[in-house]
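A.B. asks: One structure, pasted below without further comment.
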Number of protein chains: 2
Amino acid sequence: MDQSQLLRQLLPVFREQGYEGATLNKLAAATGLGKASLYHHFPGGKAEIAATLLRHAVARLEKLAFSRLRKGGSATKRLEEFVDGFSAYTEHGTSPCVIAAFSQGSAWQLHGDNIAQQFRVWNGLLAATFEAAGQKPKRAQREASTLLGQLYGELQLSRLQGEPRNFRRSIKRIKKQLPAA
Amino acid sequence: MDQSQLLRQLLPVFREQGYEGATLNKLAAATGLGKASLYHHFPGGKAEIAATLLRHAVARLEKLAFSRLRKGGSATKRLEEFVDGFSAYTEHGTSPCVIAAFSQGSAWQLHGDNIAQQFRVWNGLLAATFEAAGQKPKRAQREASTLLGQLYGELQLSRLQGEPRNFRRSIKRIKKQLPAA
DNA sequence: GTCTATAGATCGATAGAC
DNA sequence: GTCTATCGATCTATAGAC
């Protein structure tokens, strides 16, 4: 069994159940393996699986969304691609963010500081892009965290309301409100 | 021990640990009682405690925030008071919403449908208020879910970034963007 | 109403055969 | 590399004394 395929099967369990809810029985069932076999691939057990998935999720969100802000093209174009990338990362609002799912319990105690630092870096990158789009530093800061908040808000709301269809519409609206090119 | 004081001590455990992370040991420790004593106050055990807290949280969010939309005054004024009420509900961004904390694992399986229905009702009430502020139905719907999304987004982001100071500023900004009176 | 003690199930993790 | 079997800890919940 290939490790990246294994991780793909393990991820949804943590995403939907949270860290404490993702028991080894559920994780093993999701992979089709026995519990003991998971320890061959992840000797550190559940904690190592979670840490690996968190690392991969950060890398994936970086690659699909935030890395676009560092590419060429106009700042507006980069911001649009960032928003589209975030939408892709969440499967267009149908799939919760496992990083956010780790904001509770022992996962947050273990990884909260790292996650917070990562988000501050990302927010800074986003603010720099708003500056490149012509906004003054203070306003760029505000718009950056507003945009990030909107994205996570729509993601959470689409789950709380049980209506993921709204997410795609919100993405369109959010892109329209970006600074003009 | 008074039940409402008991609930006040139990709530933060579920808010920060989630449903699965809130063990009876932690719940008992938060109240100063022994585990067995909790079963005197809540014969249904952990599930009953959680269901009671969820009911109370919905009632509290209704009272502090959404009920303001049904009061007198201009639609803009009502929307402003709604936003302030939501801010108060979250202790100005420092305290996660337990309803949202139940969007994982067995709590979501048990209460997800009820929560989703409640949010759709609330969203409808919010949209009606935007209509009263002069917006056409489709736009009012959009603005309603945008506003709710912004509030939950800023709440989540203030936790993910570890910077609850931003929340108060965001509330100010959100209020400024409401339809003019 | 609160406690100690404990039952019975499930947890994360390990041993060892194949 | 995957399995069965099992360990010790922890979980939710209950029994029964005070």
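Naming scheme: A, B, ... for chains in displayed order of the structure tokens; residues 1 onward per chain; ligands 1 onward as shown.
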Near DA9 (chain C), within 12 Å and counting only C-alpha atoms (C1' of nucleotides), which residues show up once chain neighbours fewer than 3 positions away are dropped, as a ChimeraX atom specification?
C.D. replies: /D:10-13
A.B. asks: Given a cut-off of 8 Å, which residues of chain B touch chain A, counting only C-alpha atoms, written out as an mmCIF file with C-alpha atoms, in the first residue's frame?
C.D. replies:
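Final output, saved to iface06.cif:
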```cif
data_model
loop_
_atom_site.group_PDB
_atom_site.id
_atom_site.type_symbol
_atom_site.label_atom_id
_atom_site.label_comp_id
_atom_site.auth_asym_id
_atom_site.auth_seq_id
_atom_site.Cartn_x
_atom_site.Cartn_y
_atom_site.Cartn_z
ATOM 1 C CA GLU B 16 -12.485 24.239 23.521
ATOM 2 C CA GLN B 17 -12.305 20.450 23.450
ATOM 3 C CA GLY B 18 -15.168 19.634 21.103
ATOM 4 C CA GLU B 20 -15.327 13.930 21.740
ATOM 5 C CA GLY B 21 -12.583 15.783 23.605
ATOM 6 C CA ALA B 100 -19.843 25.445 15.405
ATOM 7 C CA ALA B 101 -17.681 23.285 17.667
ATOM 8 C CA SER B 103 -19.825 20.417 13.495
ATOM 9 C CA GLN B 104 -17.550 17.379 13.876
ATOM 10 C CA GLY B 105 -17.905 13.744 14.793
ATOM 11 C CA SER B 106 -20.822 12.222 16.646
ATOM 12 C CA GLY B 112 -26.291 18.443 12.471
ATOM 13 C CA ASP B 113 -29.728 18.413 10.898
ATOM 14 C CA ILE B 115 -28.329 22.970 13.563
ATOM 15 C CA ALA B 116 -28.547 23.319 9.792
ATOM 16 C CA GLN B 117 -32.279 23.955 9.990
ATOM 17 C CA PHE B 119 -29.183 28.392 10.606
ATOM 18 C CA ARG B 120 -31.439 28.391 7.581
ATOM 19 C CA THR B 146 -22.369 37.042 3.402
ATOM 20 C CA LEU B 148 -23.241 35.580 8.661
ATOM 21 C CA GLY B 149 -20.243 34.118 6.869
ATOM 22 C CA GLN B 150 -18.117 37.150 7.707
ATOM 23 C CA LEU B 151 -18.980 36.889 11.385
ATOM 24 C CA TYR B 152 -18.163 33.191 11.636
ATOM 25 C CA GLY B 153 -15.112 33.684 9.448
ATOM 26 C CA GLU B 154 -13.640 36.404 11.618
ATOM 27 C CA GLN B 156 -12.572 31.293 13.251
ATOM 28 C CA LEU B 157 -9.716 33.372 11.898
ATOM 29 C CA ARG B 159 -8.586 31.602 16.674
ATOM 30 C CA LEU B 160 -6.515 30.256 13.771
ATOM 31 C CA GLN B 161 -4.283 33.329 13.826
ATOM 32 C CA GLY B 162 -4.167 33.552 17.589
ATOM 33 C CA SER B 170 -13.552 43.567 11.967
#
```
A.B. asks: Compile the contact shell of DC3 (chain D) as a list in words: residues with an atom at most 9 Å away, counting only C-alpha atoms (C1' of nucleotides), same-chain residues fewer than 3 positions apart removed.
C.D. replies: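 In the requested form, the answer reads Gly34, Ala36 and Ser37 of chain A; DA17 and DC18 of chain C.
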A.B. asks: Compile the residues of chain A that lie within 12 Å of chain C, evaluated using only C-alpha atoms (C1' of nucleotides), and express the compilation as a PyMOL selection string.
C.D. replies: chain A and resi 20-26+35-40+42-47
A.B. asks: Go ahead and compute the interatomic distance for CA of Leu53 (chain B) and CA of Leu11 (chain B), in Å to one decimal.
C.D. replies: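 Distance between the two atoms: 6.6 Å.
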